[in-house]
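See below for start-v3.pdb, which holds PDB, C-alpha atoms.
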```
ATOM      1  CA  MET A   1      34.982  24.018 -12.719  1.00  0.00           C
ATOM      2  CA  LYS A   2      37.026  21.340 -10.990  1.00  0.00           C
ATOM      3  CA  THR A   3      40.788  21.081 -11.251  1.00  0.00           C
ATOM      4  CA  ASN A   4      42.445  17.893 -10.045  1.00  0.00           C
ATOM      5  CA  GLY A   5      46.063  17.845  -8.960  1.00  0.00           C
ATOM      6  CA  SER A   6      48.560  15.697  -7.133  1.00  0.00           C
ATOM      7  CA  ALA A   7      48.707  16.283  -3.401  1.00  0.00           C
ATOM      8  CA  THR A   8      51.947  14.404  -2.915  1.00  0.00           C
ATOM      9  CA  ALA A   9      55.107  16.509  -2.777  1.00  0.00           C
ATOM     10  CA  SER A  10      58.456  15.138  -3.847  1.00  0.00           C
ATOM     11  CA  ILE A  11      61.684  16.663  -2.593  1.00  0.00           C
ATOM     12  CA  GLN A  12      63.767  15.429  -5.518  1.00  0.00           C
ATOM     13  CA  PRO A  13      62.266  15.160  -8.995  1.00  0.00           C
ATOM     14  CA  LYS A  14      62.239  11.591 -10.305  1.00  0.00           C
ATOM     15  CA  LEU A  15      62.362  12.881 -13.841  1.00  0.00           C
ATOM     16  CA  THR A  16      63.656  16.226 -15.051  1.00  0.00           C
ATOM     17  CA  LEU A  17      62.937  18.372 -18.063  1.00  0.00           C
ATOM     18  CA  ASP A  18      66.473  17.639 -19.267  1.00  0.00           C
ATOM     19  CA  ASP A  19      65.718  13.909 -19.006  1.00  0.00           C
ATOM     20  CA  VAL A  20      62.730  14.381 -21.281  1.00  0.00           C
ATOM     21  CA  ARG A  21      64.772  16.454 -23.738  1.00  0.00           C
ATOM     22  CA  ARG A  22      67.341  13.656 -23.923  1.00  0.00           C
ATOM     23  CA  ALA A  23      64.714  10.927 -24.290  1.00  0.00           C
ATOM     24  CA  MET A  24      63.072  12.721 -27.200  1.00  0.00           C
ATOM     25  CA  GLN A  25      66.318  12.462 -29.173  1.00  0.00           C
ATOM     26  CA  ALA A  26      66.089   8.659 -29.192  1.00  0.00           C
ATOM     27  CA  PRO A  27      64.447   6.581 -31.958  1.00  0.00           C
ATOM     28  CA  LEU A  28      60.708   6.175 -31.498  1.00  0.00           C
ATOM     29  CA  PRO A  29      59.614   2.674 -30.379  1.00  0.00           C
ATOM     30  CA  GLY A  30      56.359   2.955 -32.373  1.00  0.00           C
ATOM     31  CA  TRP A  31      53.669   0.266 -32.563  1.00  0.00           C
ATOM     32  CA  PRO A  32      55.332  -2.334 -30.267  1.00  0.00           C
ATOM     33  CA  ALA A  33      55.184   0.232 -27.440  1.00  0.00           C
ATOM     34  CA  GLN A  34      51.714   1.524 -28.354  1.00  0.00           C
ATOM     35  CA  ARG A  35      50.366  -2.015 -28.469  1.00  0.00           C
ATOM     36  CA  LYS A  36      51.126  -2.579 -24.780  1.00  0.00           C
ATOM     37  CA  MET A  37      48.124  -0.396 -23.910  1.00  0.00           C
ATOM     38  CA  ALA A  38      45.951  -1.331 -26.891  1.00  0.00           C
ATOM     39  CA  PRO A  39      42.606  -3.135 -26.555  1.00  0.00           C
ATOM     40  CA  LEU A  40      43.345  -6.833 -26.841  1.00  0.00           C
ATOM     41  CA  HIS A  41      41.554  -7.132 -30.218  1.00  0.00           C
ATOM     42  CA  ARG A  42      43.480  -4.225 -31.753  1.00  0.00           C
ATOM     43  CA  ASP A  43      45.897  -4.803 -34.633  1.00  0.00           C
ATOM     44  CA  MET A  44      48.286  -2.391 -36.256  1.00  0.00           C
ATOM     45  CA  ILE A  45      46.773  -0.453 -39.175  1.00  0.00           C
ATOM     46  CA  THR A  46      49.059  -1.162 -42.130  1.00  0.00           C
ATOM     47  CA  SER A  47      46.885  -0.069 -45.066  1.00  0.00           C
ATOM     48  CA  GLN A  48      48.231   3.142 -46.536  1.00  0.00           C
ATOM     49  CA  ALA A  49      44.891   3.651 -48.272  1.00  0.00           C
ATOM     50  CA  THR A  50      43.176   3.713 -44.865  1.00  0.00           C
ATOM     51  CA  LEU A  51      45.665   6.210 -43.483  1.00  0.00           C
ATOM     52  CA  ASP A  52      45.430   8.399 -46.584  1.00  0.00           C
ATOM     53  CA  GLN A  53      41.686   8.772 -46.019  1.00  0.00           C
ATOM     54  CA  ALA A  54      41.934   9.457 -42.301  1.00  0.00           C
ATOM     55  CA  ARG A  55      41.053  12.786 -40.729  1.00  0.00           C
ATOM     56  CA  LEU A  56      44.141  14.513 -39.360  1.00  0.00           C
ATOM     57  CA  SER A  57      44.463  15.671 -35.772  1.00  0.00           C
ATOM     58  CA  SER A  58      47.116  16.450 -33.193  1.00  0.00           C
ATOM     59  CA  VAL A  59      47.432  16.288 -29.405  1.00  0.00           C
ATOM     60  CA  LEU A  60      49.881  17.783 -26.933  1.00  0.00           C
ATOM     61  CA  VAL A  61      51.812  15.995 -24.204  1.00  0.00           C
ATOM     62  CA  LEU A  62      52.715  19.031 -22.094  1.00  0.00           C
ATOM     63  CA  LEU A  63      55.138  18.543 -19.211  1.00  0.00           C
ATOM     64  CA  TYR A  64      55.887  20.990 -16.413  1.00  0.00           C
ATOM     65  CA  PRO A  65      57.153  20.994 -12.791  1.00  0.00           C
ATOM     66  CA  LYS A  66      54.712  20.962  -9.879  1.00  0.00           C
ATOM     67  CA  TYR A  67      55.381  20.038  -6.237  1.00  0.00           C
ATOM     68  CA  GLY A  68      59.000  19.364  -7.207  1.00  0.00           C
ATOM     69  CA  GLU A  69      57.992  16.727  -9.737  1.00  0.00           C
ATOM     70  CA  LEU A  70      57.216  16.667 -13.445  1.00  0.00           C
ATOM     71  CA  HIS A  71      53.526  16.528 -14.315  1.00  0.00           C
ATOM     72  CA  PHE A  72      51.566  16.389 -17.551  1.00  0.00           C
ATOM     73  CA  VAL A  73      47.990  17.431 -18.213  1.00  0.00           C
ATOM     74  CA  LEU A  74      44.944  15.479 -19.355  1.00  0.00           C
ATOM     75  CA  THR A  75      41.407  16.699 -19.832  1.00  0.00           C
ATOM     76  CA  LEU A  76      38.012  15.264 -18.990  1.00  0.00           C
ATOM     77  CA  ARG A  77      35.958  16.048 -22.067  1.00  0.00           C
ATOM     78  CA  ALA A  78      32.655  17.829 -21.527  1.00  0.00           C
ATOM     79  CA  ASP A  79      29.442  15.789 -21.741  1.00  0.00           C
ATOM     80  CA  THR A  80      28.052  18.313 -24.225  1.00  0.00           C
ATOM     81  CA  LEU A  81      30.553  17.414 -26.961  1.00  0.00           C
ATOM     82  CA  ASN A  82      29.346  15.418 -29.958  1.00  0.00           C
ATOM     83  CA  LYS A  83      32.264  12.983 -29.959  1.00  0.00           C
ATOM     84  CA  HIS A  84      34.249  11.270 -27.213  1.00  0.00           C
ATOM     85  CA  LYS A  85      32.222  13.082 -24.530  1.00  0.00           C
ATOM     86  CA  GLY A  86      33.119  12.271 -20.954  1.00  0.00           C
ATOM     87  CA  GLN A  87      36.396  10.636 -21.977  1.00  0.00           C
ATOM     88  CA  ILE A  88      39.898  11.335 -20.696  1.00  0.00           C
ATOM     89  CA  SER A  89      42.196  12.696 -23.374  1.00  0.00           C
ATOM     90  CA  LEU A  90      45.257  14.753 -24.118  1.00  0.00           C
ATOM     91  CA  PRO A  91      44.494  18.328 -25.190  1.00  0.00           C
ATOM     92  CA  GLY A  92      44.156  18.485 -28.948  1.00  0.00           C
ATOM     93  CA  GLY A  93      41.836  18.258 -31.906  1.00  0.00           C
ATOM     94  CA  SER A  94      41.377  18.369 -35.660  1.00  0.00           C
ATOM     95  CA  CYS A  95      43.799  20.118 -37.966  1.00  0.00           C
ATOM     96  CA  ASP A  96      42.556  23.381 -39.469  1.00  0.00           C
ATOM     97  CA  PRO A  97      43.519  24.487 -42.990  1.00  0.00           C
ATOM     98  CA  SER A  98      45.201  27.535 -41.428  1.00  0.00           C
ATOM     99  CA  ASP A  99      47.505  25.396 -39.246  1.00  0.00           C
ATOM    100  CA  LEU A 100      51.087  25.341 -40.454  1.00  0.00           C
ATOM    101  CA  ASP A 101      51.759  21.787 -39.271  1.00  0.00           C
ATOM    102  CA  PHE A 102      50.827  19.257 -36.564  1.00  0.00           C
ATOM    103  CA  THR A 103      52.748  21.211 -33.948  1.00  0.00           C
ATOM    104  CA  ASP A 104      50.724  24.298 -34.804  1.00  0.00           C
ATOM    105  CA  THR A 105      47.523  22.273 -34.384  1.00  0.00           C
ATOM    106  CA  ALA A 106      48.550  20.855 -31.009  1.00  0.00           C
ATOM    107  CA  LEU A 107      49.542  24.251 -29.612  1.00  0.00           C
ATOM    108  CA  ARG A 108      46.445  25.986 -30.949  1.00  0.00           C
ATOM    109  CA  GLU A 109      44.141  23.358 -29.506  1.00  0.00           C
ATOM    110  CA  ALA A 110      45.921  23.414 -26.136  1.00  0.00           C
ATOM    111  CA  HIS A 111      45.496  27.166 -25.997  1.00  0.00           C
ATOM    112  CA  GLU A 112      41.821  26.928 -26.951  1.00  0.00           C
ATOM    113  CA  GLU A 113      41.012  24.107 -24.524  1.00  0.00           C
ATOM    114  CA  LEU A 114      43.224  24.974 -21.564  1.00  0.00           C
ATOM    115  CA  GLY A 115      43.680  28.723 -21.973  1.00  0.00           C
ATOM    116  CA  VAL A 116      47.427  28.344 -21.440  1.00  0.00           C
ATOM    117  CA  SER A 117      49.928  30.883 -22.680  1.00  0.00           C
ATOM    118  CA  LEU A 118      52.162  29.514 -25.446  1.00  0.00           C
ATOM    119  CA  THR A 119      55.000  31.930 -24.689  1.00  0.00           C
ATOM    120  CA  ASN A 120      57.188  29.580 -22.622  1.00  0.00           C
ATOM    121  CA  ILE A 121      56.203  26.275 -24.204  1.00  0.00           C
ATOM    122  CA  HIS A 122      59.120  24.567 -25.942  1.00  0.00           C
ATOM    123  CA  VAL A 123      58.365  21.783 -28.403  1.00  0.00           C
ATOM    124  CA  LEU A 124      60.726  18.796 -28.226  1.00  0.00           C
ATOM    125  CA  GLY A 125      59.366  16.680 -31.036  1.00  0.00           C
ATOM    126  CA  ALA A 126      56.710  14.205 -32.060  1.00  0.00           C
ATOM    127  CA  LEU A 127      55.707  10.687 -31.112  1.00  0.00           C
ATOM    128  CA  SER A 128      54.471   8.099 -33.607  1.00  0.00           C
ATOM    129  CA  PRO A 129      51.111   8.799 -35.266  1.00  0.00           C
ATOM    130  CA  MET A 130      48.151   6.871 -33.871  1.00  0.00           C
ATOM    131  CA  TYR A 131      45.199   5.794 -36.028  1.00  0.00           C
ATOM    132  CA  VAL A 132      41.802   5.497 -34.303  1.00  0.00           C
ATOM    133  CA  PRO A 133      39.445   3.309 -36.370  1.00  0.00           C
ATOM    134  CA  PRO A 134      36.080   4.249 -34.750  1.00  0.00           C
ATOM    135  CA  SER A 135      36.554   7.965 -35.468  1.00  0.00           C
ATOM    136  CA  ASN A 136      38.887   7.606 -38.491  1.00  0.00           C
ATOM    137  CA  PHE A 137      41.353  10.054 -36.934  1.00  0.00           C
ATOM    138  CA  LEU A 138      45.104   9.875 -37.478  1.00  0.00           C
ATOM    139  CA  ILE A 139      46.483  11.513 -34.340  1.00  0.00           C
ATOM    140  CA  HIS A 140      49.919  13.150 -34.335  1.00  0.00           C
ATOM    141  CA  PRO A 141      51.191  13.516 -30.732  1.00  0.00           C
ATOM    142  CA  ILE A 142      53.536  16.419 -29.979  1.00  0.00           C
ATOM    143  CA  VAL A 143      55.698  16.566 -26.828  1.00  0.00           C
ATOM    144  CA  ALA A 144      56.474  19.922 -25.240  1.00  0.00           C
ATOM    145  CA  ILE A 145      57.763  21.285 -21.945  1.00  0.00           C
ATOM    146  CA  THR A 146      57.380  24.502 -20.027  1.00  0.00           C
ATOM    147  CA  PRO A 147      59.669  25.521 -17.134  1.00  0.00           C
ATOM    148  CA  THR A 148      56.858  26.643 -14.821  1.00  0.00           C
ATOM    149  CA  GLN A 149      53.417  25.342 -13.920  1.00  0.00           C
ATOM    150  CA  PRO A 150      50.905  26.672 -16.476  1.00  0.00           C
ATOM    151  CA  ASP A 151      48.034  28.921 -15.455  1.00  0.00           C
ATOM    152  CA  PHE A 152      45.042  26.962 -16.711  1.00  0.00           C
ATOM    153  CA  HIS A 153      41.840  28.709 -17.851  1.00  0.00           C
ATOM    154  CA  PRO A 154      39.865  25.813 -19.375  1.00  0.00           C
ATOM    155  CA  ASN A 155      37.147  26.257 -21.955  1.00  0.00           C
ATOM    156  CA  ILE A 156      34.089  24.924 -20.109  1.00  0.00           C
ATOM    157  CA  GLY A 157      32.385  24.166 -23.414  1.00  0.00           C
ATOM    158  CA  GLU A 158      35.009  21.504 -24.128  1.00  0.00           C
ATOM    159  CA  VAL A 159      36.692  20.644 -20.823  1.00  0.00           C
ATOM    160  CA  ALA A 160      34.808  19.416 -17.756  1.00  0.00           C
ATOM    161  CA  ALA A 161      37.958  19.051 -15.645  1.00  0.00           C
ATOM    162  CA  ILE A 162      41.714  19.381 -15.849  1.00  0.00           C
ATOM    163  CA  ILE A 163      43.668  16.381 -14.579  1.00  0.00           C
ATOM    164  CA  GLU A 164      47.285  16.998 -13.614  1.00  0.00           C
ATOM    165  CA  VAL A 165      49.193  13.718 -13.468  1.00  0.00           C
ATOM    166  CA  PRO A 166      52.637  13.179 -11.888  1.00  0.00           C
ATOM    167  CA  MET A 167      54.999  11.465 -14.296  1.00  0.00           C
ATOM    168  CA  SER A 168      55.932   9.088 -11.470  1.00  0.00           C
ATOM    169  CA  ASP A 169      52.370   7.722 -11.675  1.00  0.00           C
ATOM    170  CA  LEU A 170      52.649   7.170 -15.416  1.00  0.00           C
ATOM    171  CA  LEU A 171      55.951   5.346 -14.934  1.00  0.00           C
ATOM    172  CA  ASN A 172      54.523   3.139 -12.166  1.00  0.00           C
ATOM    173  CA  SER A 173      53.593  -0.212 -13.728  1.00  0.00           C
ATOM    174  CA  ALA A 174      51.593  -1.102 -10.594  1.00  0.00           C
ATOM    175  CA  LEU A 175      48.984   1.466 -11.713  1.00  0.00           C
ATOM    176  CA  ILE A 176      48.252  -0.436 -14.942  1.00  0.00           C
ATOM    177  CA  SER A 177      45.304  -2.830 -14.936  1.00  0.00           C
ATOM    178  CA  ILE A 178      43.011  -4.687 -17.344  1.00  0.00           C
ATOM    179  CA  GLN A 179      39.373  -3.590 -17.339  1.00  0.00           C
ATOM    180  CA  GLN A 180      36.240  -4.451 -19.260  1.00  0.00           C
ATOM    181  CA  ARG A 181      35.222  -1.488 -21.426  1.00  0.00           C
ATOM    182  CA  PRO A 182      32.532  -1.089 -24.120  1.00  0.00           C
ATOM    183  CA  ALA A 183      33.979  -0.989 -27.639  1.00  0.00           C
ATOM    184  CA  THR A 184      32.298   1.510 -29.959  1.00  0.00           C
ATOM    185  CA  SER A 185      33.556  -0.363 -33.011  1.00  0.00           C
ATOM    186  CA  MET A 186      31.946  -3.575 -31.707  1.00  0.00           C
ATOM    187  CA  GLY A 187      28.493  -2.241 -30.897  1.00  0.00           C
ATOM    188  CA  GLY A 188      29.264  -1.575 -27.258  1.00  0.00           C
ATOM    189  CA  GLN A 189      30.496  -5.102 -26.576  1.00  0.00           C
ATOM    190  CA  LEU A 190      32.687  -5.326 -23.483  1.00  0.00           C
ATOM    191  CA  ILE A 191      36.339  -6.043 -24.244  1.00  0.00           C
ATOM    192  CA  ALA A 192      39.485  -6.339 -22.141  1.00  0.00           C
ATOM    193  CA  VAL A 193      41.374  -3.045 -22.199  1.00  0.00           C
ATOM    194  CA  PRO A 194      44.665  -2.049 -20.491  1.00  0.00           C
ATOM    195  CA  THR A 195      44.282   1.143 -18.469  1.00  0.00           C
ATOM    196  CA  PHE A 196      46.495   3.651 -16.674  1.00  0.00           C
ATOM    197  CA  TYR A 197      45.224   4.884 -13.297  1.00  0.00           C
ATOM    198  CA  ALA A 198      46.010   8.596 -13.402  1.00  0.00           C
ATOM    199  CA  ASN A 199      45.119  10.800 -10.443  1.00  0.00           C
ATOM    200  CA  GLY A 200      41.736   9.243  -9.796  1.00  0.00           C
ATOM    201  CA  HIS A 201      40.872   8.512 -13.433  1.00  0.00           C
ATOM    202  CA  TYR A 202      41.292   5.522 -15.735  1.00  0.00           C
ATOM    203  CA  VAL A 203      42.961   6.291 -19.056  1.00  0.00           C
ATOM    204  CA  TRP A 204      42.583   3.862 -21.937  1.00  0.00           C
ATOM    205  CA  GLY A 205      42.293   3.665 -25.712  1.00  0.00           C
ATOM    206  CA  ALA A 206      44.271   5.945 -28.012  1.00  0.00           C
ATOM    207  CA  THR A 207      45.393   8.244 -25.171  1.00  0.00           C
ATOM    208  CA  ALA A 208      46.823   5.317 -23.207  1.00  0.00           C
ATOM    209  CA  MET A 209      48.553   3.972 -26.316  1.00  0.00           C
ATOM    210  CA  ILE A 210      50.175   7.338 -27.014  1.00  0.00           C
ATOM    211  CA  LEU A 211      51.366   7.577 -23.425  1.00  0.00           C
ATOM    212  CA  ALA A 212      52.683   4.008 -23.555  1.00  0.00           C
ATOM    213  CA  GLU A 213      55.086   4.966 -26.326  1.00  0.00           C
ATOM    214  CA  PHE A 214      56.165   8.029 -24.373  1.00  0.00           C
ATOM    215  CA  VAL A 215      56.846   5.884 -21.292  1.00  0.00           C
ATOM    216  CA  GLU A 216      58.922   3.383 -23.257  1.00  0.00           C
ATOM    217  CA  LEU A 217      60.872   6.198 -24.910  1.00  0.00           C
ATOM    218  CA  ILE A 218      61.777   7.650 -21.522  1.00  0.00           C
ATOM    219  CA  GLN A 219      62.680   4.270 -20.037  1.00  0.00           C
ATOM    220  CA  SER A 220      64.715   3.187 -23.050  1.00  0.00           C
ATOM    221  CA  ALA A 221      66.717   6.395 -22.853  1.00  0.00           C
ATOM    222  CA  GLY A 222      67.538   5.660 -19.207  1.00  0.00           C
ATOM    223  CA  ALA A 223      65.690   8.750 -18.065  1.00  0.00           C
ATOM    224  CA  SER A 224      63.707   7.086 -15.268  1.00  0.00           C
TER     225      SER A 224
END
```
What do you get writing this file as structure tokens?
Amino acid sequence: MKTNGSATASIQPKLTLDDVRRAMQAPLPGWPAQRKMAPLHRDMITSQATLDQARLSSVLVLLYPKYGELHFVLTLRADTLNKHKGQISLPGGSCDPSDLDFTDTALREAHEELGVSLTNIHVLGALSPMYVPPSNFLIHPIVAITPTQPDFHPNIGEVAAIIEVPMSDLLNSALISIQQRPATSMGGQLIAVPTFYANGHYVWGATAMILAEFVELIQSAGAS
């Protein structure tokens, strides 16, 4: 099992947990922010009928201090999974009937995938839902913080690697590029896709769009 992490120490955090708490109190920027990292052919889904028939899921944006700087965690999905194998994603998954709400789903999935203790995780709120046409999932992102670096024990059946990303990388516009990626919804045709470069990995699609809203929320709140 491989765990990736930042090797660059920072004496003074560029972003604090209190900054994130404050940012999450601001109005959500929604689709205009998500669209900045959307595939160039992607339009906003406005049909309520489409959303009503979507499968519900939730993901967790979990922030914590490491090397004197805030990080968040992504996962490299195992090649043995039936869907989205080998992709970079936020920890999360489908809602279960026993889940109380989307927060419950996000925390349960994070525990199952990453093996993290939920004891010191504090939920700050939700980002805007994100509909993914190829898989018909309506993703509900939840933002949470924990005051210490989590002890990860990933489920090797689902997670090939843990990727710990400094928030300073996510906020660095120089690490955004346009790449040609195969589109599942277009028969594998290559399309231009905005990507984040995150600790040796390129992040695109729904995960990048979710993170784009989070970035704009932080910047709009003057927390970076």
Taking only residues of range 158-195 of chain A that have an atom at most 8 Å from an atom of range 203-219 of chain A, what is each one's shortest atom pair and its distance in Å to one decimal, using only C-alpha atoms, in chain and number order, as CSV?
```
residue,atom,partner,partner_atom,distance
A:Leu170,CA,A:Val215,CA,7.3
A:Leu171,CA,A:Val215,CA,6.4
A:Val193,CA,A:Trp204,CA,7.0
A:Pro194,CA,A:Trp204,CA,6.4
A:Thr195,CA,A:Trp204,CA,4.7
```
For Leu56 in chain A, work out the shell of residues within 7 Å, counting all atoms listed in the file and skipping chain neighbours fewer than 3 positions away, then give it as a PyMOL selection string. chain A and resi 94-95+137-139
Go ahead and save the residues from that selection, with C-alpha atoms, as a compact mmCIF listing (two decimals), in the coordinates of the input.
```
# COMPACT_ATOMS: atom_id res chain seq x y z
CA SER A 94 41.38 18.37 -35.66
CA CYS A 95 43.80 20.12 -37.97
CA PHE A 137 41.35 10.05 -36.93
CA LEU A 138 45.10 9.88 -37.48
CA ILE A 139 46.48 11.51 -34.34
```
CA of Pro91 in chain A and CA of Ala192 in chain A, how far apart in Å?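 If I compute the distance from CA of Ala192 in chain A to CA of Pro91 in chain A, I get 25.4 Å.
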Counting all atoms listed in the file, the residue of A:Ala223, A:Ile145, A:Ile162, A:Leu28 that sits nearest Pro129 in chain A: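 Distance minimum relative to Pro129 in chain A lands on A:Leu28.
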Convert the output of the PyMOL selection byres ((chain A and resi 57) around 12) on the shown file into explicit residues, formatted as a PDB file with C-alpha atoms, keeping the file's coordinate frame.
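And here is the file that came out, part-v4.pdb:
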```
ATOM      1  CA  ALA A  54      41.934   9.457 -42.301  1.00  0.00           C
ATOM      2  CA  ARG A  55      41.053  12.786 -40.729  1.00  0.00           C
ATOM      3  CA  LEU A  56      44.141  14.513 -39.360  1.00  0.00           C
ATOM      4  CA  SER A  58      47.116  16.450 -33.193  1.00  0.00           C
ATOM      5  CA  VAL A  59      47.432  16.288 -29.405  1.00  0.00           C
ATOM      6  CA  LEU A  60      49.881  17.783 -26.933  1.00  0.00           C
ATOM      7  CA  LEU A  90      45.257  14.753 -24.118  1.00  0.00           C
ATOM      8  CA  PRO A  91      44.494  18.328 -25.190  1.00  0.00           C
ATOM      9  CA  GLY A  92      44.156  18.485 -28.948  1.00  0.00           C
ATOM     10  CA  GLY A  93      41.836  18.258 -31.906  1.00  0.00           C
ATOM     11  CA  SER A  94      41.377  18.369 -35.660  1.00  0.00           C
ATOM     12  CA  CYS A  95      43.799  20.118 -37.966  1.00  0.00           C
ATOM     13  CA  ASP A  96      42.556  23.381 -39.469  1.00  0.00           C
ATOM     14  CA  PRO A  97      43.519  24.487 -42.990  1.00  0.00           C
ATOM     15  CA  ASP A  99      47.505  25.396 -39.246  1.00  0.00           C
ATOM     16  CA  ASP A 101      51.759  21.787 -39.271  1.00  0.00           C
ATOM     17  CA  PHE A 102      50.827  19.257 -36.564  1.00  0.00           C
ATOM     18  CA  THR A 103      52.748  21.211 -33.948  1.00  0.00           C
ATOM     19  CA  ASP A 104      50.724  24.298 -34.804  1.00  0.00           C
ATOM     20  CA  THR A 105      47.523  22.273 -34.384  1.00  0.00           C
ATOM     21  CA  ALA A 106      48.550  20.855 -31.009  1.00  0.00           C
ATOM     22  CA  LEU A 107      49.542  24.251 -29.612  1.00  0.00           C
ATOM     23  CA  ARG A 108      46.445  25.986 -30.949  1.00  0.00           C
ATOM     24  CA  GLU A 109      44.141  23.358 -29.506  1.00  0.00           C
ATOM     25  CA  PRO A 129      51.111   8.799 -35.266  1.00  0.00           C
ATOM     26  CA  MET A 130      48.151   6.871 -33.871  1.00  0.00           C
ATOM     27  CA  TYR A 131      45.199   5.794 -36.028  1.00  0.00           C
ATOM     28  CA  VAL A 132      41.802   5.497 -34.303  1.00  0.00           C
ATOM     29  CA  SER A 135      36.554   7.965 -35.468  1.00  0.00           C
ATOM     30  CA  ASN A 136      38.887   7.606 -38.491  1.00  0.00           C
ATOM     31  CA  PHE A 137      41.353  10.054 -36.934  1.00  0.00           C
ATOM     32  CA  LEU A 138      45.104   9.875 -37.478  1.00  0.00           C
ATOM     33  CA  ILE A 139      46.483  11.513 -34.340  1.00  0.00           C
ATOM     34  CA  HIS A 140      49.919  13.150 -34.335  1.00  0.00           C
ATOM     35  CA  PRO A 141      51.191  13.516 -30.732  1.00  0.00           C
ATOM     36  CA  ILE A 142      53.536  16.419 -29.979  1.00  0.00           C
TER      37      ILE A 142
END
```
Non-local contacts of Leu70 in chain A (8 Å; only C-alpha atoms; under 4 positions in same chain excluded) as a PyMOL selection string: chain A and resi 13-17+63-66+166-168
Find the residues near Leu124 in chain A: any atom within 9 Å, counting all atoms listed in the file, skip ones fewer than 5 places away on the same chain, and give them as a compact mmCIF listing (two decimals) with C-alpha atoms, keeping the file's coordinate frame.
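And here's out15.txt as it stands now:
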```
# COMPACT_ATOMS: atom_id res chain seq x y z
CA VAL A 20 62.73 14.38 -21.28
CA ARG A 21 64.77 16.45 -23.74
CA MET A 24 63.07 12.72 -27.20
CA GLN A 25 66.32 12.46 -29.17
CA ILE A 142 53.54 16.42 -29.98
CA VAL A 143 55.70 16.57 -26.83
CA ALA A 144 56.47 19.92 -25.24
CA ILE A 145 57.76 21.28 -21.94
```
Using all atoms listed in the file, list the residues that have an atom at most 7 Å from (47.3, 21.5, -21.2), coordinates as in the file, as a list in words.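 Taken together, the residues in range are Leu62, Val73, Leu74, Pro91, Ala110, Leu114 and Val116 of chain A.
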Nearest to Pro154 in chain A by atom-to-atom distance, counting all atoms listed in the file, from A:Ala174, A:Leu100, A:Leu76, A:Gly125: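 The shortest atom-to-atom distance to Pro154 in chain A comes from A:Leu76.
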